[in-house]
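Peer 1: Here it is, the structure, as structure tokens.
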Amino acid sequence: MPRAPARMNVAKSGYRVFSANSTAACTELAKKITERLGVELGKSVVYQESNRETRVDVKESVRGQTIFIIQTIPRDVNTAIMELLVMAYALKTSCAKNIIGVIPYFPYSKQCKMRKRGSIVCKLLASMLAKAGLTHIITMDLHQKEIQGFFSFPVDNLRASPFLLQYIQEEVPDYRNAIIVAKSPSAAKRAQSYAERLRLGLAVMHGEAQCSESDMADGRHSPPCVRNTSGHPGLELPLMMAKEKPPITVVGDVGGRIAIIVDDIIDDVEDFVAAAEILKERGAYKIYIMATHGLLSADAPRLIEESAIDEVVVTNTVPHEVQKLQCPKIKTVDVSMILAEAIRRIHNGESMAYLFRNITVDD
């Protein structure tokens with residue numbers, strides 16, 4: 001009588017948490033998350049070879065398990081992306097059951113719209129992650145919520161606003177005398193969400209010194225103001241006026257108040273510094289900046305230190321310890337608690353609704 005084949009013991013599949021970063025500074029968030037979960041970080045080696053190729057070696061069995069890959073994005077964005085892709089593919093070929101990426105700051109999120117003859121790089125990255133083997137993503141405060149539609153698998157877009165609101169209430173002296181400021185009309189909805197939950201007033205800045213991200217594609221020089229008569233004789237397009245932004249203005253009274261500028265990303269800080277100068281001129285006596293992702297590239301720490309900004313508060317979704325040493329005005333809020341809770345709920349098949357309580361659509 002033929003012997004029945006032995007069955008694998010998959011009654012209770014476990015989960016493992018790995019870090020895909022090759023630099024020590026980027027693994028700090030992963031260590032905090034695993035400490036809160038009460039698990040050990042998975043055994044793996046991620047490194048760059050002499051020719052800058054990325055190599056990943058997974059040192060333990062992951063067959064049939066749910067794997068969470070924590071990837072924080074340092075200044076070397078493209079290397080971090082390759083580390084994540086190679087790690088995900090290594091786990092996929094090692095027969096992991098599910099591969100879930102925990103990417104607090106999603107790179108290339110600003111390149112989510114078509115600009116002239118460019119490309120939507122964020123969509124390309126979403127496709128690459130799916131091809132590498134990811135089946136789910138946990139992220140935080142996407143630059144545009146519509147980015148979730150680029151993915152062919154579930155995306156949990158967590159919010160950092162509860163932590164930043166708590167910081168305002170506990171660490172900003174006399175915060176009842178504050179006013180929430182949007183440094184551009186596009187940030188007004190986020191600022192309004194903060195203002196309503198803190199029961200504070202709202203001010204909006206508008207004009208030439210607003211976010212320069214849209215200047216590349218605002219079409220102010222296209223089409224030309226002069227009518228082109230060399231085209232088809234039967235085709236006459238209406239004359240288009242060139243765009244001109246008005247001088248910067250502040251809609252709302254900030255005199256004698258604490259101004260709190262809120263945004264999702266603070267990278268190049270020239271716009272924030274210019275906004276702080278205008279708010280000082282309008283009578284604000286203290287200026288805070290609250291942002292989820294503190295990229296703080298180039299000379300950002302020096303510019304902040306020399307500016308009218310009193311404090312910049314960011315979360316630890318992006319490592320910025322070096323910038324903090326250069327500028328004591330930079331403060332950090334830890335969000336490892338909500339990321340760890342998201343991992344626990346997904347593994348246990350629990351609802352994620354609790355993590356989004358009191359979160360508005362515009363947040």
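In the structure tokens, chains take letters A, B, ... by order of appearance, with residues numbered from 1 within each chain and ligands from 1 in the order shown.
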Using 10 Å as the limit and counting only C-alpha atoms, can you tabulate each residue of stretch 61-91 of chain A that touches stretch 134-147 of chain A, with its shortest atom-to-atom distance in Å and the two atoms involved, as a Markdown table?

Peer 2:
| residue | atom | partner | partner_atom | distance |
| --- | --- | --- | --- | --- |
| A:Ile67 | CA | A:Leu134 | CA | 9.6 |
| A:Phe68 | CA | A:Ile137 | CA | 9.2 |
| A:Ile69 | CA | A:Leu134 | CA | 9.4 |
| A:Ile70 | CA | A:Ile138 | CA | 9.3 |
| A:Leu84 | CA | A:Leu134 | CA | 9.7 |
| A:Leu85 | CA | A:Leu134 | CA | 8.7 |
| A:Ala88 | CA | A:Leu134 | CA | 6.4 |
| A:Tyr89 | CA | A:Leu134 | CA | 8.3 |
| A:Leu91 | CA | A:Leu134 | CA | 9.5 |

Peer 1: Need to verify the contact set: A:Thr34, 12 Å, only C-alpha atoms, exclusion of same-chain residues closer than 4 positions in sequence. Can you return it as a list of chain:residue names?

Peer 2: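 The residues satisfying every condition are A:Tyr15, A:Arg16, A:Val17, A:Phe18, A:Ser19, A:Thr27, A:Glu28, A:Leu29, A:Ala30, A:Gly38, A:Val39, A:Glu40, A:Leu41, A:Gly42, A:Phe68, A:Ile69, A:Ile70, A:Ser336, A:Met337, A:Leu339, A:Ala340, A:Glu341, A:Ile343, A:Arg344.
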
Peer 1: Work out how far atom CA of A:Asn21 is from atom CA of A:Gly349, in Å to one decimal.

Peer 2: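 Computed distance, atom CA of A:Gly349 to atom CA of A:Asn21, equals 27.2 Å.
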
Peer 1: Extract the full set of helix (DSSP H, G or I) residues from stretch 71-208 of chain A according to DSSP on the backbone, and format it as a ChimeraX atom specification.

Peer 2: /A:77-93,121-132,145-150,161-171,175-177,185-198

Peer 1: Could you give me, as CSV, every stretch 106-224 of chain A residue with an atom at most 12 Å from stretch 276-294 of chain A, plus its closest atom pair and distance in Å to one decimal, counting only C-alpha atoms, rows ordered by chain then number?

Peer 2:
residue,atom,partner,partner_atom,distance
A:Phe106,CA,A:His293,CA,9.8
A:Pro107,CA,A:His293,CA,10.8
A:Ser109,CA,A:His293,CA,11.7
A:Thr139,CA,A:His293,CA,11.5
A:Met140,CA,A:Thr292,CA,8.2
A:Asp141,CA,A:Thr292,CA,7.1
A:Leu142,CA,A:Thr292,CA,9.8
A:His143,CA,A:His293,CA,9.9
A:Leu158,CA,A:Thr292,CA,11.0
A:Arg159,CA,A:Thr292,CA,8.6
A:Ala160,CA,A:Thr292,CA,6.2
A:Ser161,CA,A:Thr292,CA,7.9
A:Pro162,CA,A:Thr292,CA,10.9
A:Phe163,CA,A:Thr292,CA,9.6
A:Leu164,CA,A:Met290,CA,7.0
A:Leu165,CA,A:Met290,CA,9.2
A:Gln166,CA,A:Met290,CA,11.6
A:Tyr167,CA,A:Met290,CA,9.5
A:Ile168,CA,A:Met290,CA,9.0
A:Glu171,CA,A:Tyr288,CA,11.2
A:Val172,CA,A:Tyr288,CA,8.9
A:Pro173,CA,A:Lys286,CA,10.3
A:Asp174,CA,A:Lys286,CA,10.9
A:Tyr175,CA,A:Lys286,CA,10.6
A:Asn177,CA,A:Lys286,CA,10.6
A:Ala178,CA,A:Lys286,CA,9.0
A:Ile179,CA,A:Ala284,CA,9.3
A:Ile180,CA,A:Tyr288,CA,9.6
A:Val181,CA,A:Ile289,CA,9.3
A:Ala182,CA,A:Ile289,CA,10.3
A:Lys183,CA,A:Ala276,CA,9.3
A:Ala187,CA,A:Ala291,CA,11.6
A:Arg190,CA,A:Ala291,CA,11.0
A:Ala191,CA,A:Met290,CA,10.3
A:Tyr194,CA,A:Met290,CA,10.5
A:Ala203,CA,A:Leu279,CA,10.2
A:Val204,CA,A:Leu279,CA,10.8
A:Met205,CA,A:Ile278,CA,9.2
A:His206,CA,A:Ile278,CA,11.1
A:Gly207,CA,A:Ile278,CA,11.4
A:Ala209,CA,A:Ile278,CA,9.8
A:Gln210,CA,A:Ile278,CA,11.5
